[in-house]
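Colleague: Data: data-v4.tsv, TSV, C-alpha atoms and all ligand atoms.
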chain	number	residue	atom	x	y	z
A	1	MET	CA	-48.03	-55.06	-32.89
A	2	SER	CA	-46.80	-53.41	-36.04
A	3	SER	CA	-49.39	-52.53	-38.66
A	4	SER	CA	-50.09	-55.05	-41.36
A	5	GLY	CA	-52.95	-54.84	-43.83
A	6	GLY	CA	-56.11	-56.89	-43.29
A	7	SER	CA	-57.91	-58.90	-45.93
A	8	GLY	CA	-61.06	-56.75	-46.04
A	9	GLY	CA	-64.52	-57.09	-44.48
A	10	SER	CA	-65.37	-56.47	-40.86
A	11	ARG	CA	-65.09	-58.87	-37.98
A	12	GLY	CA	-67.72	-59.24	-35.32
A	13	SER	CA	-67.26	-60.16	-31.66
A	14	GLY	CA	-68.98	-63.54	-32.21
A	15	SER	CA	-66.67	-64.76	-35.02
A	16	PRO	CA	-63.72	-67.06	-34.32
A	17	PHE	CA	-61.50	-64.23	-35.56
A	18	GLY	CA	-63.21	-61.58	-33.44
A	19	PRO	CA	-61.82	-59.74	-30.44
A	20	PRO	CA	-60.32	-61.95	-27.76
A	21	GLU	CA	-62.94	-62.58	-25.08
A	22	PRO	CA	-62.17	-63.14	-22.24
A	23	ASP	CA	-58.74	-62.53	-23.70
A	24	ILE	CA	-56.04	-64.82	-22.44
A	25	PRO	CA	-56.47	-68.11	-24.33
A	26	GLN	CA	-56.82	-66.58	-27.80
A	27	ALA	CA	-54.59	-63.50	-27.46
A	28	SER	CA	-51.82	-65.41	-25.73
A	29	LEU	CA	-51.24	-67.44	-28.92
A	30	HIS	CA	-50.10	-64.26	-30.67
A	31	TRP	CA	-47.82	-63.30	-27.75
A	32	ASP	CA	-46.51	-66.87	-27.32
A	33	ARG	CA	-45.33	-66.78	-30.92
A	34	ARG	CA	-43.67	-63.39	-30.54
A	35	TYR	CA	-41.89	-64.13	-27.26
A	36	GLY	CA	-41.13	-67.68	-28.37
A	37	GLY	CA	-39.07	-66.16	-31.21
A	38	ASP	CA	-36.80	-64.87	-28.45
A	39	GLU	CA	-37.71	-61.32	-29.41
A	40	ARG	CA	-37.08	-58.55	-26.94
A	41	ILE	CA	-39.74	-56.73	-28.88
A	42	TRP	CA	-39.35	-53.29	-27.26
A	43	GLY	CA	-35.66	-53.56	-26.38
A	44	ASP	CA	-34.01	-53.62	-22.97
A	45	GLY	CA	-35.07	-50.23	-21.67
A	46	PRO	CA	-38.18	-49.51	-19.60
A	47	SER	CA	-41.43	-48.24	-21.11
A	48	GLU	CA	-42.55	-44.62	-21.04
A	49	LEU	CA	-45.10	-45.55	-18.34
A	50	ALA	CA	-42.44	-47.19	-16.14
A	51	ARG	CA	-40.23	-44.08	-16.33
A	52	LEU	CA	-43.20	-41.93	-15.38
A	53	ALA	CA	-44.17	-44.20	-12.46
A	54	VAL	CA	-40.60	-44.21	-11.12
A	55	ALA	CA	-40.36	-40.40	-11.34
A	56	ARG	CA	-43.62	-40.16	-9.40
A	57	LEU	CA	-42.83	-42.89	-6.82
A	58	ARG	CA	-39.12	-42.31	-6.13
A	59	PRO	CA	-39.78	-40.42	-2.85
A	60	TYR	CA	-41.65	-43.52	-1.59
A	61	ALA	CA	-39.00	-46.10	-2.60
A	62	SER	CA	-38.87	-48.78	0.08
A	63	PRO	CA	-38.53	-52.56	0.41
A	64	GLU	CA	-42.02	-52.42	1.96
A	65	LEU	CA	-43.65	-51.43	-1.34
A	66	SER	CA	-45.35	-54.23	-3.26
A	67	ILE	CA	-45.78	-53.88	-7.02
A	68	LEU	CA	-47.84	-55.96	-9.42
A	69	ASP	CA	-47.04	-55.66	-13.15
A	70	VAL	CA	-50.02	-57.05	-15.09
A	71	GLY	CA	-49.16	-58.24	-18.62
A	72	CYS	CA	-45.45	-57.93	-17.84
A	73	GLY	CA	-44.22	-59.49	-21.12
A	74	TYR	CA	-40.52	-60.31	-20.80
A	75	GLY	CA	-40.34	-58.29	-17.58
A	76	ARG	CA	-38.46	-55.15	-18.68
A	77	ASP	CA	-40.68	-52.88	-16.52
A	78	ALA	CA	-41.04	-55.20	-13.51
A	79	ARG	CA	-37.22	-55.34	-13.21
A	80	TYR	CA	-36.84	-51.57	-13.70
A	81	LEU	CA	-39.54	-50.76	-11.10
A	82	ALA	CA	-38.13	-53.20	-8.53
A	83	ALA	CA	-34.55	-51.95	-9.04
A	84	GLU	CA	-35.36	-48.23	-9.01
A	85	LEU	CA	-37.83	-48.39	-6.11
A	86	ARG	CA	-35.79	-51.02	-4.19
A	87	CYS	CA	-38.86	-53.18	-3.66
A	88	HIS	CA	-40.50	-56.46	-4.54
A	89	ALA	CA	-42.42	-56.84	-7.80
A	90	LEU	CA	-44.57	-59.64	-9.16
A	91	GLY	CA	-44.89	-59.78	-12.95
A	92	ILE	CA	-47.79	-61.77	-14.39
A	93	ASP	CA	-48.63	-62.55	-17.99
A	94	GLY	CA	-51.15	-64.83	-19.70
A	95	SER	CA	-48.48	-66.02	-22.15
A	96	PRO	CA	-46.24	-68.85	-20.86
A	97	ALA	CA	-43.59	-67.85	-23.44
A	98	ALA	CA	-43.57	-64.31	-21.99
A	99	ILE	CA	-42.88	-65.63	-18.50
A	100	GLU	CA	-40.19	-67.98	-19.76
A	101	ALA	CA	-38.55	-65.04	-21.58
A	102	ALA	CA	-38.90	-62.87	-18.43
A	103	ARG	CA	-37.08	-65.46	-16.31
A	104	LYS	CA	-34.34	-65.84	-18.95
A	105	GLU	CA	-33.90	-62.06	-19.25
A	106	HIS	CA	-33.78	-61.77	-15.47
A	107	ALA	CA	-30.97	-64.31	-15.24
A	108	SER	CA	-28.97	-62.74	-18.06
A	109	ALA	CA	-29.38	-59.21	-16.62
A	110	LEU	CA	-27.93	-60.53	-13.35
A	111	ARG	CA	-25.07	-62.15	-15.26
A	112	ARG	CA	-24.36	-58.93	-17.21
A	113	SER	CA	-23.98	-56.82	-14.10
A	114	ARG	CA	-22.89	-57.97	-10.67
A	115	GLU	CA	-24.38	-54.77	-9.29
A	116	ALA	CA	-27.80	-55.42	-10.77
A	117	GLN	CA	-30.31	-56.01	-8.00
A	118	PHE	CA	-33.98	-56.64	-8.39
A	119	ASP	CA	-36.42	-58.67	-6.39
A	120	VAL	CA	-38.90	-59.89	-9.01
A	121	GLU	CA	-41.01	-63.00	-9.41
A	122	TYR	CA	-42.83	-63.98	-12.58
A	123	LEU	CA	-46.00	-66.01	-12.90
A	124	VAL	CA	-48.21	-67.23	-15.75
A	125	SER	CA	-51.54	-65.83	-14.59
A	126	ASP	CA	-54.15	-63.17	-15.14
A	127	VAL	CA	-55.34	-60.48	-12.80
A	128	ALA	CA	-58.83	-61.99	-12.37
A	129	THR	CA	-57.24	-65.17	-10.93
A	130	LEU	CA	-55.18	-63.09	-8.49
A	131	ALA	CA	-58.23	-61.00	-7.56
A	132	ALA	CA	-60.07	-64.20	-6.54
A	133	ASP	CA	-57.15	-65.37	-4.38
A	134	SER	CA	-57.07	-64.09	-0.79
A	135	GLU	CA	-53.27	-64.10	-0.88
A	136	HIS	CA	-53.33	-61.38	-3.57
A	137	ALA	CA	-56.68	-59.57	-3.30
A	138	GLY	CA	-56.38	-56.02	-1.95
A	139	ARG	CA	-52.67	-56.49	-1.34
A	140	TYR	CA	-50.70	-54.40	-3.82
A	141	ASP	CA	-49.53	-50.84	-3.13
A	142	ILE	CA	-48.81	-50.24	-6.79
A	143	VAL	CA	-50.54	-51.91	-9.73
A	144	PHE	CA	-48.90	-51.26	-13.07
A	145	THR	CA	-50.13	-52.28	-16.51
A	146	CYS	CA	-48.45	-51.07	-19.68
A	147	ASN	CA	-50.18	-51.42	-23.05
A	148	VAL	CA	-52.50	-54.30	-22.15
A	149	TYR	CA	-55.87	-52.53	-21.92
A	150	HIS	CA	-56.12	-51.73	-25.63
A	151	LEU	CA	-55.80	-55.49	-26.39
A	152	LEU	CA	-58.99	-56.38	-24.51
A	153	GLY	CA	-62.54	-56.62	-25.85
A	154	PRO	CA	-65.46	-54.82	-24.16
A	155	ILE	CA	-66.21	-57.59	-21.62
A	156	GLY	CA	-62.51	-58.19	-21.01
A	157	ARG	CA	-61.96	-54.48	-20.31
A	158	ARG	CA	-64.77	-54.37	-17.77
A	159	GLU	CA	-63.51	-57.50	-15.99
A	160	PHE	CA	-59.90	-56.34	-16.15
A	161	ALA	CA	-60.69	-52.91	-14.61
A	162	ALA	CA	-62.68	-54.56	-11.80
A	163	ALA	CA	-59.90	-57.07	-11.13
A	164	LEU	CA	-57.24	-54.31	-11.07
A	165	ALA	CA	-59.32	-52.52	-8.42
A	166	ALA	CA	-59.71	-55.79	-6.48
A	167	VAL	CA	-55.95	-56.45	-6.22
A	168	THR	CA	-55.03	-52.86	-5.26
A	169	ARG	CA	-55.11	-52.04	-1.57
A	170	PRO	CA	-57.37	-49.12	-0.59
A	171	GLY	CA	-55.28	-45.96	-1.13
A	172	GLY	CA	-52.91	-47.87	-3.44
A	173	LEU	CA	-52.00	-46.52	-6.88
A	174	LEU	CA	-52.71	-47.69	-10.42
A	175	PHE	CA	-50.48	-46.79	-13.38
A	176	LEU	CA	-51.95	-47.71	-16.76
A	177	SER	CA	-51.13	-46.87	-20.36
A	178	THR	CA	-53.37	-47.59	-23.34
A	179	MET	CA	-53.38	-46.30	-26.91
A	180	SER	CA	-55.55	-43.28	-27.66
A	181	PRO	CA	-57.64	-42.59	-30.78
A	182	ARG	CA	-54.88	-40.18	-31.80
A	183	ASP	CA	-52.30	-43.00	-32.04
A	184	PRO	CA	-50.65	-42.47	-35.43
A	185	GLU	CA	-49.18	-46.00	-35.65
A	186	HIS	CA	-52.23	-48.24	-35.28
A	187	TYR	CA	-55.48	-46.22	-35.22
A	188	ALA	CA	-57.95	-47.29	-37.94
A	189	LYS	CA	-55.54	-49.90	-39.41
A	190	GLY	CA	-56.79	-53.37	-40.33
A	191	GLU	CA	-60.41	-54.49	-40.21
A	192	PRO	CA	-63.04	-52.65	-38.18
A	193	VAL	CA	-64.87	-54.72	-35.57
A	194	SER	CA	-68.59	-54.59	-36.30
A	195	GLY	CA	-70.80	-53.32	-33.49
A	196	GLU	CA	-67.90	-51.55	-31.79
A	197	GLU	CA	-66.54	-48.04	-32.00
A	198	ARG	CA	-62.78	-47.47	-32.28
A	199	SER	CA	-61.85	-51.21	-32.47
A	200	TRP	CA	-59.86	-52.89	-35.27
A	201	VAL	CA	-58.20	-56.25	-35.83
A	202	ASP	CA	-54.73	-55.84	-37.33
A	203	ARG	CA	-52.88	-59.06	-36.41
A	204	VAL	CA	-54.30	-58.42	-32.91
A	205	TYR	CA	-57.51	-56.81	-31.68
A	206	LEU	CA	-56.99	-53.19	-30.64
A	207	HIS	CA	-59.42	-50.79	-28.97
A	208	PHE	CA	-58.67	-47.09	-28.67
A	209	CYS	CA	-60.30	-45.64	-25.52
A	210	THR	CA	-61.50	-42.11	-25.02
A	211	ALA	CA	-60.90	-40.25	-21.74
A	212	GLU	CA	-64.62	-40.66	-20.96
A	213	GLU	CA	-64.42	-44.46	-21.32
A	214	LEU	CA	-61.38	-44.65	-19.05
A	215	THR	CA	-62.98	-42.45	-16.40
A	216	ARG	CA	-66.10	-44.65	-16.51
A	217	ASP	CA	-64.21	-47.98	-16.57
A	218	PHE	CA	-61.93	-47.01	-13.67
A	219	SER	CA	-64.59	-45.66	-11.31
A	220	GLY	CA	-63.04	-47.88	-8.61
A	221	PHE	CA	-60.13	-45.39	-8.64
A	222	GLU	CA	-59.98	-41.68	-8.02
A	223	ILE	CA	-58.30	-40.39	-11.21
A	224	LEU	CA	-55.27	-38.38	-10.12
A	225	ASP	CA	-53.91	-37.84	-13.62
A	226	LEU	CA	-55.12	-38.73	-17.12
A	227	ASP	CA	-52.72	-37.41	-19.66
A	228	GLU	CA	-52.35	-38.04	-23.39
A	229	ARG	CA	-48.70	-38.25	-24.44
A	230	SER	CA	-46.80	-38.86	-27.64
A	231	TYR	CA	-43.57	-40.84	-27.51
A	232	ASP	CA	-41.25	-43.05	-29.53
A	233	GLU	CA	-41.17	-46.79	-28.86
A	234	PRO	CA	-38.01	-48.65	-29.93
A	235	HIS	CA	-38.29	-51.86	-31.97
A	236	PRO	CA	-34.69	-53.09	-32.24
A	237	GLY	CA	-33.93	-54.22	-35.78
A	238	ALA	CA	-37.03	-52.47	-37.15
A	239	ALA	CA	-38.41	-48.95	-37.46
A	240	THR	CA	-39.19	-47.05	-34.26
A	241	HIS	CA	-42.92	-46.66	-33.60
A	242	HIS	CA	-44.47	-43.33	-32.79
A	243	HIS	CA	-47.38	-43.60	-30.35
A	244	THR	CA	-49.94	-41.44	-28.64
A	245	SER	CA	-51.35	-43.05	-25.50
A	246	TRP	CA	-53.31	-42.28	-22.38
A	247	PHE	CA	-51.33	-42.41	-19.14
A	248	LEU	CA	-53.64	-42.89	-16.19
A	249	GLU	CA	-52.72	-42.61	-12.53
A	250	GLY	CA	-55.48	-43.52	-10.10
A	251	ARG	CA	-55.85	-44.00	-6.38
A	252	ARG	CA	-57.93	-46.97	-5.17
A	253	ARG	CA	-61.06	-45.66	-3.42
A	301	LIG	C1	-48.14	-55.14	-25.70
A	301	LIG	S1	-47.60	-56.40	-24.62
A	301	LIG	C2	-46.87	-55.40	-23.33
A	301	LIG	C3	-45.90	-56.16	-22.46
A	301	LIG	C4	-45.27	-55.34	-21.34
A	301	LIG	N1	-46.27	-54.68	-20.51
A	301	LIG	C5	-44.30	-54.33	-21.87
A	301	LIG	O1	-44.70	-53.16	-22.09
A	301	LIG	O2	-43.14	-54.71	-22.09
A	301	LIG	C6	-49.08	-56.95	-23.86
A	301	LIG	C7	-48.90	-58.14	-22.94
A	301	LIG	O3	-50.11	-58.37	-22.22
A	301	LIG	C8	-50.32	-59.78	-22.12
A	301	LIG	N2	-51.76	-59.96	-21.87
A	301	LIG	C9	-52.79	-59.71	-22.71
A	301	LIG	N3	-53.96	-59.88	-22.09
A	301	LIG	C10	-53.67	-60.23	-20.81
A	301	LIG	C11	-54.45	-60.53	-19.65
A	301	LIG	N4	-55.78	-60.48	-19.68
A	301	LIG	N5	-53.81	-60.85	-18.51
A	301	LIG	C12	-52.44	-60.90	-18.46
A	301	LIG	N6	-51.65	-60.61	-19.52
A	301	LIG	C13	-52.26	-60.29	-20.67
A	301	LIG	C14	-49.78	-60.34	-23.40
A	301	LIG	O4	-49.44	-61.71	-23.27
A	301	LIG	C15	-48.57	-59.43	-23.63
A	301	LIG	O5	-47.40	-59.97	-23.04
Represent the structure from my file as structure tokens, please.
Modeller:
Amino acid sequence: MSSSGGSGGSRGSGSPFGPPEPDIPQASLHWDRRYGGDERIWGDGPSELARLAVARLRPYASPELSILDVGCGYGRDARYLAAELRCHALGIDGSPAAIEAARKEHASALRRSREAQFDVEYLVSDVATLAADSEHAGRYDIVFTCNVYHLLGPIGRREFAAALAAVTRPGGLLFLSTMSPRDPEHYAKGEPVSGEERSWVDRVYLHFCTAEELTRDFSGFEILDLDERSYDEPHPGAATHHHTSWFLEGRRR
């Protein structure tokens, strides 16, 4: 998701190059290519959101906890959450190459350390499919989604927020990060999307939510914390990115 210049002109939601709606088929091509290149794009360590979730949840660590990581990529956070909280995690991603990479990384992490222990499964899927499946709907204690929301178009965001609420058990917690309009790395880079505020296409579609949008979109959750944070994101072999993102913690109503 590094910044690269666009070719000029604005892109509308209806064009074949417009924002990905309803997201998986079109957007997953981009991610398939990146994961297919065997890139551990953000390195081996957990994300800022995963560290925050573990700090918050450590007192509740238990094999009884169930975690769903939506848009898990190559699984760095799903493994970290499951290991630190000693529980089961399911990582899902719309990109088959992401899930293949996640399974490979899982096996090699186990090979690297005999002490490594994590109970994680990975599945090519999207949260709407899980929400419509009685085996998954309303089941998860913790739903976690790192840096996926800003990739979704307006309809996709609405559907995604509703599906996140549908898979979280009442009283369960949501941890979500998404880039803010103060993100110095990507905000206002590329081509603006016509008819939308704060959306650009720069290799991928990106939307930068305000606090008001997030509070509205996640009305299915009581917002416990909505904090804007700046942090460095490693990109092994390339320059570190500096980001400013929203970190949302919500409790399912
Ligand atoms: C920026 S990457 C973040 C990956 C991972 N959360 C991490 O931080 O390592 C976004 C991921 O979301 C996935 N994705 C995008 N839209 C999705 C959707 N609607 N459902 C599931 N995964 C999606 C992409 O395939 C990609 O792997």
Colleague: Expressed in Å to a single decimal, how great is the separation between CA of Phe247 (chain A) and atom C5 of ligand LIG 301 (chain A)?
Modeller: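 Value for the CA of Phe247 (chain A)-atom C5 of ligand LIG 301 (chain A) distance: 14.1 Å.
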Colleague: With distances taken over all atoms listed in the file, which of A:Ile67, A:Leu49, A:Ala238, A:Ile223 is nearest to ligand LIG 301 (chain A)?
Modeller: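 Ranked by minimum distance to ligand LIG 301 (chain A), first place goes to A:Leu49.
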Colleague: I'd like a table as JSON lines: residues in chain A with an atom no more than 7 Å from ligand LIG 301 (chain A), each row giving the shortest atom pair and its distance in Å to one decimal, only C-alpha atoms and all ligand atoms counted, sorted by chain and rising residue number.
Modeller:
{"residue": "A:Asp23", "atom": "CA", "partner": "A:LIG301", "partner_atom": "N4", "distance": 5.4}
{"residue": "A:Ile24", "atom": "CA", "partner": "A:LIG301", "partner_atom": "N4", "distance": 5.1}
{"residue": "A:Ala27", "atom": "CA", "partner": "A:LIG301", "partner_atom": "C9", "distance": 6.3}
{"residue": "A:Ser28", "atom": "CA", "partner": "A:LIG301", "partner_atom": "O4", "distance": 5.0}
{"residue": "A:Trp31", "atom": "CA", "partner": "A:LIG301", "partner_atom": "O4", "distance": 5.0}
{"residue": "A:Trp42", "atom": "CA", "partner": "A:LIG301", "partner_atom": "O2", "distance": 6.6}
{"residue": "A:Ser47", "atom": "CA", "partner": "A:LIG301", "partner_atom": "O1", "distance": 6.0}
{"residue": "A:Val70", "atom": "CA", "partner": "A:LIG301", "partner_atom": "C12", "distance": 5.7}
{"residue": "A:Gly71", "atom": "CA", "partner": "A:LIG301", "partner_atom": "N6", "distance": 3.6}
{"residue": "A:Cys72", "atom": "CA", "partner": "A:LIG301", "partner_atom": "N1", "distance": 4.3}
{"residue": "A:Gly73", "atom": "CA", "partner": "A:LIG301", "partner_atom": "O5", "distance": 3.7}
{"residue": "A:Tyr74", "atom": "CA", "partner": "A:LIG301", "partner_atom": "O2", "distance": 6.3}
{"residue": "A:Gly75", "atom": "CA", "partner": "A:LIG301", "partner_atom": "O2", "distance": 6.4}
{"residue": "A:Arg76", "atom": "CA", "partner": "A:LIG301", "partner_atom": "O2", "distance": 5.8}
{"residue": "A:Asp77", "atom": "CA", "partner": "A:LIG301", "partner_atom": "O2", "distance": 6.4}
{"residue": "A:Ile92", "atom": "CA", "partner": "A:LIG301", "partner_atom": "C12", "distance": 6.2}
{"residue": "A:Asp93", "atom": "CA", "partner": "A:LIG301", "partner_atom": "N6", "distance": 3.9}
{"residue": "A:Gly94", "atom": "CA", "partner": "A:LIG301", "partner_atom": "N6", "distance": 4.3}
{"residue": "A:Ser95", "atom": "CA", "partner": "A:LIG301", "partner_atom": "O4", "distance": 4.6}
{"residue": "A:Ala98", "atom": "CA", "partner": "A:LIG301", "partner_atom": "O5", "distance": 5.9}
{"residue": "A:Ser125", "atom": "CA", "partner": "A:LIG301", "partner_atom": "C12", "distance": 6.3}
{"residue": "A:Asp126", "atom": "CA", "partner": "A:LIG301", "partner_atom": "N5", "distance": 4.1}
{"residue": "A:Val127", "atom": "CA", "partner": "A:LIG301", "partner_atom": "N5", "distance": 5.9}
{"residue": "A:Thr145", "atom": "CA", "partner": "A:LIG301", "partner_atom": "N1", "distance": 6.1}
{"residue": "A:Cys146", "atom": "CA", "partner": "A:LIG301", "partner_atom": "N1", "distance": 4.3}
{"residue": "A:Asn147", "atom": "CA", "partner": "A:LIG301", "partner_atom": "C1", "distance": 5.0}
{"residue": "A:Val148", "atom": "CA", "partner": "A:LIG301", "partner_atom": "C6", "distance": 4.7}
{"residue": "A:Leu151", "atom": "CA", "partner": "A:LIG301", "partner_atom": "C9", "distance": 6.4}
{"residue": "A:Leu152", "atom": "CA", "partner": "A:LIG301", "partner_atom": "N3", "distance": 6.6}
{"residue": "A:Phe160", "atom": "CA", "partner": "A:LIG301", "partner_atom": "N4", "distance": 6.8}
Colleague: Give the answer as one residue: which of A:Gly45, A:Gly153, A:Pro236, A:Gly138 has the shortest atom-to-atom distance to Pro170 (chain A), using only C-alpha atoms?
Modeller: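 Residue with the minimum atom-to-atom distance to Pro170 (chain A): A:Gly138.
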Colleague: Hey, can you pull every residue with an atom no more than 8 Å from (-36.3, -64.0, -25.2), using only C-alpha atoms, and send it as a list of chain:residue names?
Modeller: A:Tyr35, A:Gly36, A:Gly37, A:Asp38, A:Glu39, A:Arg40, A:Tyr74, A:Ala98, A:Glu100, A:Ala101, A:Ala102, A:Lys104, A:Glu105
Colleague: Under the rule that all atoms listed in the file are counted, which of A:Glu135, A:Asp232, A:Asp141, A:Glu121 is the nearest residue to Glu64 (chain A)?
Modeller: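 Checking each candidate against Glu64 (chain A), we get A:Asp141 as the closest.
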Colleague: So that I can check the surroundings of His207 (chain A), please list as a PyMOL selection string every protein, DNA and RNA residue that reaches within 6 Å of it, counting all atoms listed in the file and ignoring chain neighbours fewer than 3 positions away.
Modeller: chain A and resi 150+198-199
Colleague: Kindly give the distance, in Å, that separates CA of Gly156 (chain A) and CA of Pro184 (chain A), rounded to a single decimal.
Modeller: 24.4 Å
Colleague: To one decimal place in Å, what is the distance between CA of Cys87 (chain A) and CA of Tyr140 (chain A)?
Modeller: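 That distance, rounded to one decimal, is 11.9 Å.
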Colleague: Give me the box for region 32-47 of chain A as JSON, namely the centre and edge lengths in Å to one decimal of a box along x, y and z that holds every listed atom plus 6 Å on each side.
Modeller:
{"center_x": -40.3, "center_y": -58.0, "center_z": -25.4, "size_x": 24.5, "size_y": 31.4, "size_z": 23.6}
Colleague: Report as number ranges by chain all protein, DNA and RNA residues lying within 9 Å of Met179 (chain A), evaluated on all atoms listed in the file, omitting residues in the same chain fewer than 4 positions from it.
Modeller: A: 147, 149-150, 183, 186-187, 206-209, 243-247
Colleague: Give the answer as one residue: which of A:Leu52, A:Ala116, A:Ala162, A:Leu214 has the shortest atom-to-atom distance to Arg229 (chain A), using all atoms listed in the file?
Modeller: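 Closest candidate: A:Leu52.
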Colleague: With distances taken over only C-alpha atoms, which of A:Arg203, A:Arg114, A:His106, A:Arg34 is nearest to Arg79 (chain A)?
Modeller: A:His106
Colleague: Between A:Tyr60, A:Tyr231, A:Phe218, A:Tyr80, single out the one closest to Arg157 (chain A), counting all atoms listed in the file.
Modeller: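 Distance minimum relative to Arg157 (chain A) lands on A:Phe218.
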Colleague: Leaving out Ala89 (chain A) and any residue of its chain fewer than 4 positions from it, which residues lie within 7 Å of it when counting all atoms listed in the file, given as a list in words?
Modeller: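 The filter keeps Ser66, Ile67, Leu68, Ala78, Ala82, Asp119, Val120 and Glu121 of chain A.
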Colleague: Counting all atoms listed in the file, which residues have an atom no more than 8 Å from (-41.1, -46.6, -11.2) in the file's coordinates? Please list them as a PDB file with C-alpha atoms, keeping the file's coordinate frame.
Modeller:
ATOM      1  CA  ALA A  50     -42.440 -47.190 -16.140  1.00  0.00           C
ATOM      2  CA  ARG A  51     -40.230 -44.080 -16.330  1.00  0.00           C
ATOM      3  CA  LEU A  52     -43.200 -41.930 -15.380  1.00  0.00           C
ATOM      4  CA  ALA A  53     -44.170 -44.200 -12.460  1.00  0.00           C
ATOM      5  CA  VAL A  54     -40.600 -44.210 -11.120  1.00  0.00           C
ATOM      6  CA  ALA A  55     -40.360 -40.400 -11.340  1.00  0.00           C
ATOM      7  CA  ARG A  56     -43.620 -40.160  -9.400  1.00  0.00           C
ATOM      8  CA  LEU A  57     -42.830 -42.890  -6.820  1.00  0.00           C
ATOM      9  CA  ARG A  58     -39.120 -42.310  -6.130  1.00  0.00           C
ATOM     10  CA  TYR A  80     -36.840 -51.570 -13.700  1.00  0.00           C
ATOM     11  CA  LEU A  81     -39.540 -50.760 -11.100  1.00  0.00           C
ATOM     12  CA  ALA A  82     -38.130 -53.200  -8.530  1.00  0.00           C
ATOM     13  CA  GLU A  84     -35.360 -48.230  -9.010  1.00  0.00           C
ATOM     14  CA  LEU A  85     -37.830 -48.390  -6.110  1.00  0.00           C
TER      15      LEU A  85
END
Colleague: Can you put N, CA and C atoms back into region 107-119 of chain A and show it as a PDB file, in the coordinates of the input?
Modeller:
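Result written to result.pdb:
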ATOM      1  N   ALA A 107     -32.245 -63.638 -15.505  1.00  0.00           N
ATOM      2  CA  ALA A 107     -30.970 -64.310 -15.240  1.00  0.00           C
ATOM      3  C   ALA A 107     -29.841 -63.654 -16.032  1.00  0.00           C
ATOM      4  N   SER A 108     -30.093 -63.291 -17.284  1.00  0.00           N
ATOM      5  CA  SER A 108     -28.970 -62.740 -18.060  1.00  0.00           C
ATOM      6  C   SER A 108     -28.673 -61.311 -17.633  1.00  0.00           C
ATOM      7  N   ALA A 109     -29.673 -60.561 -17.142  1.00  0.00           N
ATOM      8  CA  ALA A 109     -29.380 -59.210 -16.620  1.00  0.00           C
ATOM      9  C   ALA A 109     -28.504 -59.319 -15.375  1.00  0.00           C
ATOM     10  N   LEU A 110     -28.760 -60.318 -14.547  1.00  0.00           N
ATOM     11  CA  LEU A 110     -27.930 -60.530 -13.350  1.00  0.00           C
ATOM     12  C   LEU A 110     -26.512 -60.923 -13.740  1.00  0.00           C
ATOM     13  N   ARG A 111     -26.402 -61.736 -14.803  1.00  0.00           N
ATOM     14  CA  ARG A 111     -25.070 -62.150 -15.260  1.00  0.00           C
ATOM     15  C   ARG A 111     -24.285 -60.970 -15.833  1.00  0.00           C
ATOM     16  N   ARG A 112     -25.016 -60.072 -16.564  1.00  0.00           N
ATOM     17  CA  ARG A 112     -24.360 -58.930 -17.210  1.00  0.00           C
ATOM     18  C   ARG A 112     -23.773 -57.974 -16.192  1.00  0.00           C
ATOM     19  N   SER A 113     -24.469 -57.775 -15.080  1.00  0.00           N
ATOM     20  CA  SER A 113     -23.980 -56.820 -14.100  1.00  0.00           C
ATOM     21  C   SER A 113     -24.069 -57.401 -12.698  1.00  0.00           C
ATOM     22  N   ARG A 114     -22.901 -57.454 -12.044  1.00  0.00           N
ATOM     23  CA  ARG A 114     -22.890 -57.970 -10.670  1.00  0.00           C
ATOM     24  C   ARG A 114     -23.643 -57.034  -9.738  1.00  0.00           C
ATOM     25  N   GLU A 115     -23.699 -55.744 -10.156  1.00  0.00           N
ATOM     26  CA  GLU A 115     -24.380 -54.770  -9.290  1.00  0.00           C
ATOM     27  C   GLU A 115     -25.900 -54.794  -9.457  1.00  0.00           C
ATOM     28  N   ALA A 116     -26.349 -55.438 -10.531  1.00  0.00           N
ATOM     29  CA  ALA A 116     -27.800 -55.420 -10.770  1.00  0.00           C
ATOM     30  C   ALA A 116     -28.511 -56.101  -9.600  1.00  0.00           C
ATOM     31  N   GLN A 117     -29.553 -55.442  -9.119  1.00  0.00           N
ATOM     32  CA  GLN A 117     -30.310 -56.010  -8.000  1.00  0.00           C
ATOM     33  C   GLN A 117     -31.767 -55.768  -8.227  1.00  0.00           C
ATOM     34  N   PHE A 118     -32.529 -56.825  -8.331  1.00  0.00           N
ATOM     35  CA  PHE A 118     -33.980 -56.640  -8.390  1.00  0.00           C
ATOM     36  C   PHE A 118     -34.654 -57.881  -7.846  1.00  0.00           C
ATOM     37  N   ASP A 119     -35.684 -57.618  -7.052  1.00  0.00           N
ATOM     38  CA  ASP A 119     -36.420 -58.670  -6.390  1.00  0.00           C
ATOM     39  C   ASP A 119     -37.741 -58.837  -7.152  1.00  0.00           C
TER      40      ASP A 119
END
